[in-house]
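Raw contents of protein-v8.txt, compact mmCIF, C-alpha atoms and all ligand atoms:
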# COMPACT_ATOMS: atom_id res chain seq x y z
CA MET A 10 139.85 92.27 85.20
CA LYS A 11 140.02 88.67 84.02
CA GLY A 12 136.59 87.17 83.41
CA LYS A 13 134.75 90.32 84.47
CA HIS A 14 131.58 91.12 82.55
CA ILE A 15 131.56 94.70 81.29
CA VAL A 16 128.79 96.41 79.32
CA LEU A 17 130.36 99.17 77.23
CA GLY A 18 127.75 101.75 76.28
CA ILE A 19 128.60 104.00 73.33
CA SER A 20 126.54 107.07 72.45
CA GLY A 21 126.74 109.37 69.44
CA GLY A 22 129.70 111.69 69.78
CA ILE A 23 132.92 112.02 67.84
CA ALA A 24 134.82 110.54 70.80
CA ALA A 25 133.13 107.22 69.88
CA TYR A 26 136.17 106.52 67.70
CA LYS A 27 138.18 106.18 70.94
CA SER A 28 135.74 103.55 72.22
CA ALA A 29 137.26 100.99 69.86
CA HIS A 30 140.63 101.50 71.56
CA LEU A 31 139.01 101.34 75.00
CA LEU A 32 137.27 98.09 74.02
CA ARG A 33 140.56 96.62 72.76
CA LEU A 34 142.32 97.49 76.04
CA LEU A 35 139.54 95.92 78.13
CA VAL A 36 139.51 92.71 76.08
CA LYS A 37 143.32 92.53 76.29
CA GLN A 38 143.06 92.64 80.10
CA GLY A 39 140.79 89.59 80.02
CA ALA A 40 137.37 91.25 80.39
CA GLU A 41 134.31 89.97 78.54
CA VAL A 42 132.76 93.03 76.93
CA GLN A 43 129.27 93.45 75.50
CA VAL A 44 128.87 96.63 73.46
CA VAL A 45 125.53 98.47 73.56
CA ILE A 46 125.40 101.37 71.12
CA THR A 47 122.79 104.07 70.52
CA PRO A 48 121.41 104.63 66.99
CA ASN A 49 123.46 107.86 66.73
CA GLY A 50 126.55 106.06 68.02
CA LYS A 51 126.46 103.86 64.91
CA GLU A 52 126.88 106.97 62.77
CA PHE A 53 130.28 107.55 64.38
CA ILE A 54 131.64 104.02 64.61
CA THR A 55 130.57 100.90 62.83
CA PRO A 56 129.22 97.90 64.77
CA VAL A 57 131.39 95.64 62.59
CA THR A 58 134.56 97.12 64.14
CA LEU A 59 133.12 96.75 67.63
CA SER A 60 131.88 93.20 67.24
CA ALA A 61 135.20 92.15 65.69
CA LEU A 62 137.04 93.57 68.72
CA SER A 63 134.65 92.25 71.37
CA GLY A 64 133.92 88.90 69.73
CA LYS A 65 130.19 89.45 70.34
CA PRO A 66 127.41 90.92 68.22
CA VAL A 67 126.80 94.55 69.11
CA VAL A 68 123.41 95.29 70.68
CA SER A 69 121.58 98.41 69.58
CA GLU A 70 117.91 97.71 68.95
CA PHE A 71 115.33 96.10 71.19
CA PHE A 72 114.64 93.58 68.41
CA THR A 73 116.68 92.07 65.59
CA ALA A 74 114.80 93.31 62.52
CA ASN A 75 114.50 90.09 60.50
CA SER A 76 114.29 87.33 63.10
CA GLY A 77 112.29 89.36 65.63
CA GLU A 78 114.69 88.17 68.36
CA TRP A 79 114.28 90.26 71.53
CA HIS A 80 117.40 91.61 73.25
CA SER A 81 116.86 91.55 76.99
CA HIS A 82 118.18 94.65 78.73
CA VAL A 83 117.23 92.98 82.03
CA ASP A 84 119.51 89.99 81.35
CA LEU A 85 122.32 92.34 80.32
CA GLY A 86 121.85 94.41 83.48
CA ILE A 87 122.13 91.27 85.61
CA TRP A 88 125.06 89.90 83.58
CA ALA A 89 127.17 93.03 83.97
CA ASP A 90 129.70 93.36 86.80
CA LEU A 91 130.14 96.92 85.57
CA MET A 92 128.59 99.23 82.98
CA VAL A 93 130.79 101.93 81.42
CA ILE A 94 129.30 104.55 79.12
CA ALA A 95 132.05 106.11 77.03
CA PRO A 96 131.45 108.46 75.38
CA ALA A 97 128.33 109.74 77.13
CA THR A 98 126.78 112.64 75.23
CA ALA A 99 124.75 115.41 76.88
CA SER A 100 121.62 113.76 75.51
CA THR A 101 122.42 110.31 76.92
CA ILE A 102 123.37 111.84 80.29
CA GLY A 103 120.05 113.73 80.31
CA LYS A 104 118.10 110.58 79.49
CA MET A 105 119.91 108.58 82.16
CA ALA A 106 119.29 111.25 84.80
CA ASN A 107 115.59 111.31 83.99
CA GLY A 108 114.92 107.66 83.16
CA VAL A 109 114.04 108.29 79.51
CA ALA A 110 114.46 104.71 78.33
CA ASP A 111 113.89 105.13 74.59
CA ASN A 112 116.94 103.18 73.50
CA MET A 113 118.75 100.00 74.46
CA LEU A 114 121.62 101.83 76.19
CA VAL A 115 119.50 103.78 78.68
CA THR A 116 117.20 100.79 79.23
CA THR A 117 120.20 98.63 80.08
CA TYR A 118 121.42 101.37 82.46
CA LEU A 119 118.08 101.26 84.28
CA SER A 120 118.43 97.48 84.65
CA ALA A 121 122.10 97.51 85.73
CA LYS A 122 122.52 95.92 89.14
CA GLU A 123 126.16 96.79 89.75
CA HIS A 124 128.37 99.87 89.43
CA VAL A 125 128.01 102.33 86.54
CA MET A 126 130.70 104.70 85.23
CA VAL A 127 130.09 107.56 82.82
CA ALA A 128 132.75 109.31 80.72
CA PRO A 129 131.12 112.45 79.27
CA ALA A 130 132.25 113.94 75.96
CA MET A 131 130.81 117.10 74.45
CA ASP A 132 131.56 120.65 73.47
CA LEU A 133 132.61 123.00 76.26
CA ASP A 134 129.41 125.07 76.21
CA MET A 135 127.26 121.97 76.41
CA TRP A 136 129.34 120.66 79.32
CA ALA A 137 129.11 123.98 81.17
CA HIS A 138 125.34 124.35 80.63
CA PRO A 139 123.35 124.30 83.89
CA SER A 140 121.14 121.55 82.48
CA THR A 141 124.13 119.22 81.91
CA GLN A 142 125.59 120.07 85.31
CA ARG A 143 122.22 119.38 86.96
CA ASN A 144 122.00 116.00 85.23
CA ILE A 145 125.57 115.11 86.25
CA ALA A 146 124.74 116.00 89.88
CA THR A 147 121.62 113.78 89.66
CA LEU A 148 123.66 110.85 88.33
CA GLU A 149 126.23 111.29 91.10
CA ALA A 150 123.47 111.38 93.71
CA ASP A 151 122.16 108.14 92.14
CA GLY A 152 125.57 106.56 92.78
CA VAL A 153 127.00 106.77 89.25
CA GLU A 154 130.76 107.38 89.07
CA ILE A 155 131.61 110.24 86.71
CA ILE A 156 134.93 110.13 84.89
CA TYR A 157 135.18 113.86 84.44
CA PRO A 158 136.15 115.17 80.99
CA ALA A 159 139.58 116.64 80.48
CA SER A 160 140.47 120.03 78.99
CA GLY A 161 141.96 120.30 75.54
CA GLU A 162 141.15 120.86 71.91
CA LEU A 163 137.64 119.70 71.05
CA ALA A 164 136.23 118.46 67.74
CA SER A 165 134.81 121.96 67.21
CA HIS A 166 138.42 123.28 67.44
CA LEU A 167 137.40 125.20 70.52
CA VAL A 168 139.65 124.63 73.51
CA GLY A 169 138.16 123.84 76.89
CA LYS A 170 136.60 121.17 79.08
CA GLY A 171 134.63 118.42 77.39
CA ARG A 172 137.16 115.97 75.93
CA MET A 173 136.46 112.39 76.90
CA GLU A 174 139.12 111.06 79.26
CA GLU A 175 141.75 108.99 77.41
CA PRO A 176 140.96 105.24 77.14
CA GLU A 177 144.10 104.33 79.14
CA ASN A 178 142.90 106.46 82.06
CA ILE A 179 139.39 105.03 81.86
CA VAL A 180 140.89 101.53 82.03
CA GLU A 181 142.86 102.61 85.10
CA ARG A 182 139.64 103.80 86.79
CA ILE A 183 138.00 100.47 85.94
CA ARG A 184 140.96 98.56 87.42
CA GLU A 185 140.74 100.68 90.57
CA TYR A 186 137.02 99.94 90.78
CA PHE A 187 137.50 96.18 90.53
CA GLY A 188 140.33 96.43 93.09
CA ARG A 189 137.91 98.09 95.54
CA ALA A 190 134.89 96.01 94.58
CA GLY A 191 135.74 92.90 96.56
CA SER A 192 137.73 94.60 99.30
CA LEU A 193 134.96 94.25 101.92
CA SER A 194 133.56 90.90 100.82
CA GLY A 195 132.76 88.67 103.81
CA LYS A 196 132.63 91.72 106.11
CA LYS A 197 129.60 93.07 107.94
CA VAL A 198 129.13 96.84 108.22
CA ALA A 199 126.54 98.42 110.55
CA ILE A 200 125.54 102.04 109.95
CA THR A 201 123.20 104.48 111.70
CA ALA A 202 121.80 107.22 109.45
CA GLY A 203 119.37 110.14 109.33
CA PRO A 204 117.68 112.04 112.13
CA THR A 205 115.63 110.71 115.02
CA TYR A 206 112.14 111.94 115.82
CA GLU A 207 111.19 112.25 119.46
CA ARG A 208 107.43 112.24 119.92
CA ILE A 209 105.66 115.03 121.80
CA ASP A 210 102.15 113.80 121.02
CA PRO A 211 100.61 111.76 118.18
CA VAL A 212 101.16 114.58 115.63
CA ARG A 213 104.30 116.41 116.78
CA PHE A 214 107.93 115.59 117.32
CA ILE A 215 111.36 117.07 118.03
CA GLY A 216 113.67 116.40 115.10
CA ASN A 217 116.52 117.86 113.05
CA TYR A 218 117.43 118.62 109.45
CA SER A 219 119.56 115.52 108.78
CA SER A 220 118.66 114.02 105.39
CA GLY A 221 120.47 110.70 105.87
CA LYS A 222 122.27 111.16 102.52
CA MET A 223 125.78 110.65 103.94
CA GLY A 224 124.81 107.45 105.77
CA PHE A 225 123.00 106.05 102.72
CA ALA A 226 126.00 106.89 100.48
CA LEU A 227 128.24 105.02 102.94
CA ALA A 228 125.90 102.03 102.88
CA GLU A 229 125.91 101.91 99.04
CA GLU A 230 129.70 102.29 98.91
CA CYS A 231 130.26 99.46 101.43
CA ALA A 232 127.79 97.24 99.55
CA ALA A 233 129.56 98.05 96.27
CA ARG A 234 132.77 96.78 97.88
CA GLY A 235 131.11 93.47 98.71
CA ALA A 236 130.08 94.01 102.37
CA GLU A 237 126.79 92.92 103.91
CA VAL A 238 125.34 96.13 105.34
CA ALA A 239 122.83 96.68 108.16
CA LEU A 240 121.53 100.23 107.74
CA ILE A 241 119.61 101.54 110.75
CA ALA A 242 117.71 104.51 109.35
CA GLY A 243 115.77 107.22 111.11
CA PRO A 244 112.86 108.87 109.22
CA VAL A 245 114.29 109.79 105.79
CA ALA A 246 112.94 110.06 102.25
CA LEU A 247 115.62 107.86 100.67
CA ASP A 248 115.65 104.47 98.95
CA VAL A 249 118.23 101.75 99.18
CA LYS A 250 119.58 100.44 95.86
CA SER A 251 121.91 97.54 96.61
CA PRO A 252 120.43 94.16 97.53
CA ARG A 253 123.34 93.74 99.96
CA ILE A 254 121.87 96.45 102.22
CA ARG A 255 119.41 95.33 104.91
CA ARG A 256 117.45 98.37 106.04
CA ILE A 257 116.05 98.66 109.55
CA ASP A 258 113.71 101.64 109.92
CA VAL A 259 113.43 103.28 113.32
CA GLU A 260 111.98 106.54 114.57
CA SER A 261 113.37 107.52 117.97
CA ALA A 262 116.83 107.46 119.54
CA VAL A 263 115.75 104.68 121.92
CA GLU A 264 114.58 102.51 119.00
CA MET A 265 117.82 103.27 117.16
CA ARG A 266 119.88 102.30 120.22
CA ASP A 267 118.07 98.97 120.57
CA ALA A 268 118.64 98.11 116.89
CA ALA A 269 122.26 99.33 117.07
CA LEU A 270 123.13 97.18 120.08
CA ARG A 271 121.94 94.14 118.09
CA GLU A 272 123.55 95.04 114.76
CA PHE A 273 126.88 96.54 115.85
CA ALA A 274 127.75 93.58 118.13
CA ASP A 275 128.93 91.34 115.26
CA ALA A 276 129.89 94.05 112.74
CA ASP A 277 133.48 94.33 111.49
CA ILE A 278 132.94 98.02 110.80
CA GLY A 279 130.49 100.29 112.63
CA ILE A 280 129.64 103.78 111.39
CA PHE A 281 127.59 106.24 113.45
CA SER A 282 126.41 108.83 110.96
CA ALA A 283 122.96 109.49 112.47
CA ALA A 284 122.13 112.90 113.88
CA VAL A 285 120.62 111.56 117.08
CA ALA A 286 118.42 113.93 119.09
CA ASP A 287 120.24 114.55 122.35
CA TYR A 288 116.99 114.87 124.35
CA ARG A 289 113.42 113.57 124.18
CA PRO A 290 110.23 114.68 125.92
CA GLU A 291 110.00 113.07 129.34
CA THR A 292 106.45 111.95 128.53
CA THR A 293 104.60 111.56 125.22
CA ALA A 294 100.99 112.80 125.35
CA GLY A 295 98.54 110.08 124.34
CA SER A 296 96.29 112.53 122.48
CA LYS A 297 96.91 115.79 120.64
CA ILE A 298 97.87 118.65 122.97
CA LYS A 299 95.21 121.37 122.55
CA ARG A 300 96.21 125.00 122.12
CA GLU A 301 93.29 126.76 123.79
CA LYS A 302 94.02 125.17 127.12
CA ARG A 303 97.35 126.98 127.61
CA ASP A 304 99.08 130.32 127.06
CA ASN A 305 102.58 129.00 127.75
CA MET A 306 104.04 125.64 127.36
CA THR A 307 107.16 124.00 128.78
CA LEU A 308 108.37 120.63 127.64
CA GLU A 309 110.41 118.67 130.14
CA LEU A 310 113.21 116.87 128.28
CA VAL A 311 115.35 113.94 129.35
CA LYS A 312 118.68 112.85 127.90
CA ASN A 313 118.70 110.24 125.15
CA PRO A 314 121.12 107.32 125.15
CA ASP A 315 124.46 107.99 123.46
CA ILE A 316 124.32 105.21 120.87
CA ALA A 317 127.93 105.48 119.73
CA ALA A 318 129.19 105.51 123.34
CA GLU A 319 127.08 102.48 124.33
CA CYS A 320 128.15 100.45 121.29
CA GLY A 321 131.73 101.72 121.73
CA ALA A 322 131.83 100.50 125.34
CA ALA A 323 130.98 96.99 124.08
CA LYS A 324 133.51 97.09 121.23
CA ARG A 325 135.58 93.93 120.72
CA PRO A 326 139.18 93.76 119.43
CA GLY A 327 139.23 93.83 115.63
CA GLN A 328 136.12 96.00 115.28
CA PHE A 329 136.61 99.44 113.72
CA PHE A 330 134.14 102.17 114.73
CA VAL A 331 133.69 105.51 112.97
CA GLY A 332 131.81 108.51 114.35
CA PHE A 333 130.83 111.86 112.90
CA ALA A 334 131.16 115.26 114.51
CA LEU A 335 129.72 118.61 113.58
CA GLU A 336 131.66 121.27 115.43
CA THR A 337 131.77 125.04 115.37
CA ASP A 338 134.67 125.63 117.80
CA ASN A 339 137.86 123.80 118.80
CA GLU A 340 137.10 121.27 116.09
CA LEU A 341 140.11 119.00 116.40
CA SER A 342 140.33 118.87 120.20
CA ASN A 343 136.56 118.30 120.50
CA SER A 344 136.76 115.52 117.89
CA ARG A 345 139.64 113.82 119.68
CA SER A 346 137.86 113.93 123.02
CA LYS A 347 134.80 112.33 121.34
CA LEU A 348 137.11 109.59 119.99
CA GLU A 349 138.14 108.74 123.56
CA ARG A 350 134.74 109.15 125.20
CA LYS A 351 132.94 106.95 122.67
CA HIS A 352 135.77 104.41 122.07
CA LEU A 353 135.85 105.24 118.36
CA ASP A 354 138.76 104.67 115.97
CA MET A 355 138.04 107.55 113.62
CA ILE A 356 135.95 110.74 113.51
CA VAL A 357 134.68 112.35 110.33
CA LEU A 358 134.57 116.04 111.07
CA ASN A 359 132.16 118.39 109.29
CA SER A 360 132.67 122.07 109.66
CA LEU A 361 129.57 124.26 109.58
CA ARG A 362 131.81 127.00 108.24
CA ASP A 363 132.32 125.18 104.95
CA LYS A 364 129.80 125.94 102.22
CA GLY A 365 128.33 122.75 100.73
CA ALA A 366 129.17 120.65 103.81
CA GLY A 367 126.83 119.01 106.27
CA PHE A 368 123.03 118.72 106.29
CA ARG A 369 120.68 118.48 103.30
CA THR A 370 123.34 118.89 100.61
CA ASP A 371 124.58 116.40 98.02
CA THR A 372 128.17 117.35 98.78
CA ASN A 373 130.36 117.30 101.83
CA LYS A 374 133.74 118.57 102.94
CA VAL A 375 135.33 116.61 105.71
CA THR A 376 138.44 116.17 107.82
CA ILE A 377 139.18 112.62 108.89
CA VAL A 378 140.59 112.55 112.42
CA THR A 379 142.31 109.59 114.09
CA ARG A 380 144.28 109.48 117.33
CA GLU A 381 147.52 109.96 115.41
CA ALA A 382 146.67 112.25 112.50
CA GLU A 383 144.14 114.32 110.63
CA LYS A 384 143.58 114.79 106.91
CA SER A 385 141.36 117.37 105.20
CA TYR A 386 139.62 116.59 101.90
CA PRO A 387 138.21 118.98 99.27
CA LEU A 388 134.48 119.44 98.62
CA LYS A 389 133.16 116.27 96.94
CA SER A 390 129.92 114.42 96.29
CA LYS A 391 128.72 112.43 99.31
CA ARG A 392 129.40 109.18 97.43
CA GLU A 393 133.03 110.22 96.85
CA VAL A 394 133.35 111.27 100.49
CA ALA A 395 131.98 107.83 101.42
CA ALA A 396 134.75 106.22 99.33
CA ASP A 397 137.41 108.38 101.08
CA ILE A 398 136.05 107.36 104.49
CA ILE A 399 136.06 103.65 103.64
CA ASP A 400 139.58 103.94 102.17
CA ALA A 401 140.77 105.44 105.48
CA ILE A 402 139.42 102.54 107.59
CA GLN A 403 142.11 100.12 108.74
CA LEU A 404 140.84 96.65 109.52
N1 LIG B 501 125.86 110.00 118.61
C1 LIG B 501 125.11 108.89 118.97
N2 LIG B 501 124.11 109.02 119.90
C2 LIG B 501 123.84 110.21 120.47
C3 LIG B 501 124.61 111.36 120.08
C4 LIG B 501 125.60 111.20 119.15
O1 LIG B 501 125.34 107.81 118.44
N3 LIG B 501 122.87 110.33 121.35
C5 LIG B 501 126.96 109.81 117.64
C6 LIG B 501 126.73 110.53 116.34
O2 LIG B 501 126.11 109.67 115.39
C7 LIG B 501 128.14 110.91 115.92
C8 LIG B 501 128.88 111.09 117.23
O3 LIG B 501 128.12 110.40 118.20
O4 LIG B 501 128.79 109.86 115.24
C9 LIG B 501 129.08 112.52 117.65
O5 LIG B 501 127.86 113.22 117.62
P1 LIG B 501 127.74 114.67 118.22
O6 LIG B 501 126.32 115.11 118.15
O7 LIG B 501 128.78 115.53 117.59
O8 LIG B 501 128.17 114.37 119.72
P2 LIG B 501 127.54 114.63 121.09
O9 LIG B 501 127.98 113.50 121.95
O10 LIG B 501 126.06 114.87 120.98
O11 LIG B 501 128.34 115.93 121.54
P3 LIG B 501 127.96 117.48 121.59
O12 LIG B 501 126.50 117.63 121.31
O13 LIG B 501 128.35 117.85 122.95
O14 LIG B 501 128.86 118.09 120.55
Could you quickly redo this structure as C-alpha cells?
Amino acid sequence: MKGKHIVLGISGGIAAYKSAHLLRLLVKQGAEVQVVITPNGKEFITPVTLSALSGKPVVSEFFTANSGEWHSHVDLGIWADLMVIAPATASTIGKMANGVADNMLVTTYLSAKEHVMVAPAMDLDMWAHPSTQRNIATLEADGVEIIYPASGELASHLVGKGRMEEPENIVERIREYFGRAGSLSGKKVAITAGPTYERIDPVRFIGNYSSGKMGFALAEECAARGAEVALIAGPVALDVKSPRIRRIDVESAVEMRDAALREFADADIGIFSAAVADYRPETTAGSKIKREKRDNMTLELVKNPDIAAECGAAKRPGQFFVGFALETDNELSNSRSKLERKHLDMIVLNSLRDKGAGFRTDTNKVTIVTREAEKSYPLKSKREVAADIIDAIQL
C-alpha cells in the first residue's frame, strides 16, 4: 500500500467514529490518504481529528469559505488510485447510484478514474429496504465493490445486518485489491462479447438475447488489474468505463471473426464470451422483403465460422484461452469436449437451470471447468464472477 493514493469518503452515520481508526491503519501501511467528508459526516466526527491523522486538510465543501479557494473533485478523482467510502449511508449510496452530485463526496465519486469500494452502514430496516437493495445492485453493475455490512448490534440497539465491516477487514480488502490491481499489467487480453446480428434484409436480422454484460464485466476487471484490453463487441447497449479498454464494434459473426483473428493473435489471454449466431442467412436481401408477395417464407441458412475454434487452432504456447458454454444436458462432458474441439484451456459453464444465471441478468452462477478439475461458484454479481474467472486463469 506504500505510496498509494486513497480518497477516504466519510458520510454521516454513527460508524464514522470507526473511520478514524481505518484512516490510521491506512496511513500506517504507507498510504497517502485524502479525506472527503459530507456535511452530515462532520456532525459525527470532527475534521480536526481526521486531518491530524491524515496529515492533510479535510475536504468537505466545494469552496473554502473565506479565501474562495475551489476544491477540484476532478483533480482528486484523477489523483486517487482508489476511493473507499466508509461509512456509506443509505442516502450517500442512493446519491451515488443516481448521480446526485450535491456534495463533494459524490462529486468526487463521479470523477474517480480508478476502483471504488463502498462499506455501507445503516439500520437493518434501511439496509433491507428494496430501495437500498436496488441502489446497491446499481452500484455493483457500475463496477463498484461493495464491502457488505456484517450482522450484530446496531446503534439503535436492534440486532441485525447493517454494521459497517470492521476497519481491519476493510484494510484487508484494500490490500487484496492492490495485490490484484497490477497483476495483469503488461498483458494484453482480447475478449468477444454480446450477440451477433445476422442480416436478413436492411431492417431485419437473426439475433439472440445476449446483453454482453458478462463480457463487459470481464473487460473492466482485466483493465482494473492493469491489462490492455481489446473488447470485440456485438450490438449491445453498454458503455466502456476504463480507458485501458479498446472497443471494436462489430455486427455479424463474420465481422467478429475477422476482428478476433487480428486481436487474439498477440493476446496473452483470450476470452470468448460472445453468443455467436451459429447460422446466418445465405443471402441478404438488398431491399426490404415485402409481405404481400408471399404466404410462406423459408430462409436458407449457412453455418457461421466458429470464432473460438479458429482462434484456438492458431493458439501459440503461453496463450490462455477461455470459452463459455450454456448447456442443458450432460453439462460437464459437453464442456470438456468443447475444450478439446476449440483448443481452449478453460470453460465457464452456465446452467440454464440456475435462476439468476445467464442472459440479461446482472448476476451469474458458473462452474469453471478445466481438463483436470471443475469448481462451482455461488450466485454472484457479474463483476464478481469476472474476478473469479480471472483468478482461475493460469498464465
Ligand atoms: N463460439 C464462437 N463462435 C461460434 C460459436 C461459439 O466463438 N460460432 C464460442 C462461444 O463464444 C463460447 C464457446 O464457443 O465461448 C461455446 O459456445 P457454444 O454456443 O456453447 O458452442 P457451440 O460450438 O455453438 O456448440 P453447441 O451449439 O453445439 O452447444
Practice problem: Quick one: everything within 7 Å of segment 210-213 of chain A, counting only C-alpha atoms, minus sequence neighbours fewer than 5 positions away in the same chain. Send it as a ChimeraX atom specification. | Solution: /A:293-298
For the selection just defined, write its residues with C-alpha atoms to a file, as a compact mmCIF listing (two decimals), in the frame of the given file.
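The resulting file, out_22.txt, is reproduced below:
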# COMPACT_ATOMS: atom_id res chain seq x y z
CA THR A 293 104.60 111.56 125.22
CA ALA A 294 100.99 112.80 125.35
CA GLY A 295 98.54 110.08 124.34
CA SER A 296 96.29 112.53 122.48
CA LYS A 297 96.91 115.79 120.64
CA ILE A 298 97.87 118.65 122.97
Practice problem: Write out as number ranges by chain the residues lying within 9 Å of segment 193-203 of chain A, counting only C-alpha atoms and excluding same-chain residues fewer than 5 positions away. | Solution: A: 218-225, 227-228, 231-245, 265, 269, 272-273, 275-285
Can you tell me which residues come within 10 Å of ligand LIG 501 (chain B) when counting all atoms listed in the file, ideally as a PDB file with C-alpha atoms, in the coordinates of the input?
ATOM      1  CA  ILE A 200     125.540 102.040 109.950  1.00  0.00           C
ATOM      2  CA  THR A 201     123.200 104.480 111.700  1.00  0.00           C
ATOM      3  CA  ALA A 202     121.800 107.220 109.450  1.00  0.00           C
ATOM      4  CA  GLY A 203     119.370 110.140 109.330  1.00  0.00           C
ATOM      5  CA  PRO A 204     117.680 112.040 112.130  1.00  0.00           C
ATOM      6  CA  THR A 205     115.630 110.710 115.020  1.00  0.00           C
ATOM      7  CA  GLY A 224     124.810 107.450 105.770  1.00  0.00           C
ATOM      8  CA  ALA A 262     116.830 107.460 119.540  1.00  0.00           C
ATOM      9  CA  VAL A 263     115.750 104.680 121.920  1.00  0.00           C
ATOM     10  CA  MET A 265     117.820 103.270 117.160  1.00  0.00           C
ATOM     11  CA  ARG A 266     119.880 102.300 120.220  1.00  0.00           C
ATOM     12  CA  ALA A 269     122.260  99.330 117.070  1.00  0.00           C
ATOM     13  CA  ILE A 280     129.640 103.780 111.390  1.00  0.00           C
ATOM     14  CA  PHE A 281     127.590 106.240 113.450  1.00  0.00           C
ATOM     15  CA  SER A 282     126.410 108.830 110.960  1.00  0.00           C
ATOM     16  CA  ALA A 283     122.960 109.490 112.470  1.00  0.00           C
ATOM     17  CA  ALA A 284     122.130 112.900 113.880  1.00  0.00           C
ATOM     18  CA  VAL A 285     120.620 111.560 117.080  1.00  0.00           C
ATOM     19  CA  ALA A 286     118.420 113.930 119.090  1.00  0.00           C
ATOM     20  CA  ASP A 287     120.240 114.550 122.350  1.00  0.00           C
ATOM     21  CA  TYR A 288     116.990 114.870 124.350  1.00  0.00           C
ATOM     22  CA  LYS A 312     118.680 112.850 127.900  1.00  0.00           C
ATOM     23  CA  ASN A 313     118.700 110.240 125.150  1.00  0.00           C
ATOM     24  CA  PRO A 314     121.120 107.320 125.150  1.00  0.00           C
ATOM     25  CA  ASP A 315     124.460 107.990 123.460  1.00  0.00           C
ATOM     26  CA  ILE A 316     124.320 105.210 120.870  1.00  0.00           C
ATOM     27  CA  ALA A 317     127.930 105.480 119.730  1.00  0.00           C
ATOM     28  CA  ALA A 318     129.190 105.510 123.340  1.00  0.00           C
ATOM     29  CA  GLU A 319     127.080 102.480 124.330  1.00  0.00           C
ATOM     30  CA  CYS A 320     128.150 100.450 121.290  1.00  0.00           C
ATOM     31  CA  GLY A 321     131.730 101.720 121.730  1.00  0.00           C
ATOM     32  CA  PHE A 330     134.140 102.170 114.730  1.00  0.00           C
ATOM     33  CA  VAL A 331     133.690 105.510 112.970  1.00  0.00           C
ATOM     34  CA  GLY A 332     131.810 108.510 114.350  1.00  0.00           C
ATOM     35  CA  PHE A 333     130.830 111.860 112.900  1.00  0.00           C
ATOM     36  CA  ALA A 334     131.160 115.260 114.510  1.00  0.00           C
ATOM     37  CA  LEU A 335     129.720 118.610 113.580  1.00  0.00           C
ATOM     38  CA  GLU A 336     131.660 121.270 115.430  1.00  0.00           C
ATOM     39  CA  THR A 337     131.770 125.040 115.370  1.00  0.00           C
ATOM     40  CA  ASP A 338     134.670 125.630 117.800  1.00  0.00           C
ATOM     41  CA  GLU A 340     137.100 121.270 116.090  1.00  0.00           C
ATOM     42  CA  ASN A 343     136.560 118.300 120.500  1.00  0.00           C
ATOM     43  CA  SER A 344     136.760 115.520 117.890  1.00  0.00           C
ATOM     44  CA  SER A 346     137.860 113.930 123.020  1.00  0.00           C
ATOM     45  CA  LYS A 347     134.800 112.330 121.340  1.00  0.00           C
ATOM     46  CA  LEU A 348     137.110 109.590 119.990  1.00  0.00           C
ATOM     47  CA  ARG A 350     134.740 109.150 125.200  1.00  0.00           C
ATOM     48  CA  LYS A 351     132.940 106.950 122.670  1.00  0.00           C
ATOM     49  CA  LEU A 353     135.850 105.240 118.360  1.00  0.00           C
ATOM     50  CA  MET A 355     138.040 107.550 113.620  1.00  0.00           C
ATOM     51  CA  ILE A 356     135.950 110.740 113.510  1.00  0.00           C
ATOM     52  CA  VAL A 357     134.680 112.350 110.330  1.00  0.00           C
ATOM     53  CA  LEU A 358     134.570 116.040 111.070  1.00  0.00           C
ATOM     54  CA  ASN A 359     132.160 118.390 109.290  1.00  0.00           C
TER      55      ASN A 359
END
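Distances from A:Asp304, A:Asp354, A:Asp363, A:Glu349 to Thr379 of chain A were compared using all atoms listed in the file, and the smallest one belongs to A:Asp354.
Between atom CA of Ala121 of chain A and atom CA of Glu149 of chain A the separation is 15.4 Å.
Atom pair atom CA of Leu167 of chain A / atom CA of Lys389 of chain A: separated by 28.2 Å.
Computed from the coordinates, the atom CA of Ala159 of chain A to atom CA of Arg172 of chain A distance equals 5.2 Å.
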Exercise. For segment 45-53 of chain A, list every protein, DNA or RNA residue within 12 Å, evaluated using only C-alpha atoms, and leave out those in the same chain fewer than 5 positions away; present the list as a ChimeraX atom specification.
Key: /A:15-29,32,58-60,63,65-71,80-82,85-86,89,92-98,100-101,110-118
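Here the question is which of A:Glu41, A:Asp248, A:Glu78, A:Glu154 gets nearest to Ser390 of chain A using all atoms listed in the file, and that residue is A:Glu154.
Proximity to Asp132 of chain A at 8 Å, evaluated using only C-alpha atoms and with sequence-adjacent residues fewer than 5 positions away removed, yields Leu163, Ala164, Ser165, Leu167, Lys170, Gly171 and Arg172 of chain A.
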For segment 389-393 of chain A, where the input has fewer atoms than it should, I would like N, CA, C and O atoms rebuilt and written as a PDB file, in the frame of the given file.
ATOM      1  N   LYS A 389     133.422 117.365  97.883  1.00  0.00           N
ATOM      2  CA  LYS A 389     133.160 116.270  96.940  1.00  0.00           C
ATOM      3  C   LYS A 389     131.720 115.837  97.073  1.00  0.00           C
ATOM      4  O   LYS A 389     131.043 116.206  98.031  1.00  0.00           O
ATOM      5  N   SER A 390     131.258 114.991  96.145  1.00  0.00           N
ATOM      6  CA  SER A 390     129.920 114.420  96.290  1.00  0.00           C
ATOM      7  C   SER A 390     129.937 113.489  97.509  1.00  0.00           C
ATOM      8  O   SER A 390     130.997 112.961  97.890  1.00  0.00           O
ATOM      9  N   LYS A 391     128.761 113.271  98.113  1.00  0.00           N
ATOM     10  CA  LYS A 391     128.720 112.430  99.310  1.00  0.00           C
ATOM     11  C   LYS A 391     129.186 111.011  99.007  1.00  0.00           C
ATOM     12  O   LYS A 391     129.775 110.363  99.856  1.00  0.00           O
ATOM     13  N   ARG A 392     128.937 110.529  97.781  1.00  0.00           N
ATOM     14  CA  ARG A 392     129.400 109.180  97.430  1.00  0.00           C
ATOM     15  C   ARG A 392     130.931 109.123  97.395  1.00  0.00           C
ATOM     16  O   ARG A 392     131.543 108.157  97.842  1.00  0.00           O
ATOM     17  N   GLU A 393     131.555 110.194  96.873  1.00  0.00           N
ATOM     18  CA  GLU A 393     133.030 110.220  96.850  1.00  0.00           C
ATOM     19  C   GLU A 393     133.591 110.352  98.264  1.00  0.00           C
ATOM     20  O   GLU A 393     134.619 109.746  98.592  1.00  0.00           O
TER      21      GLU A 393
END
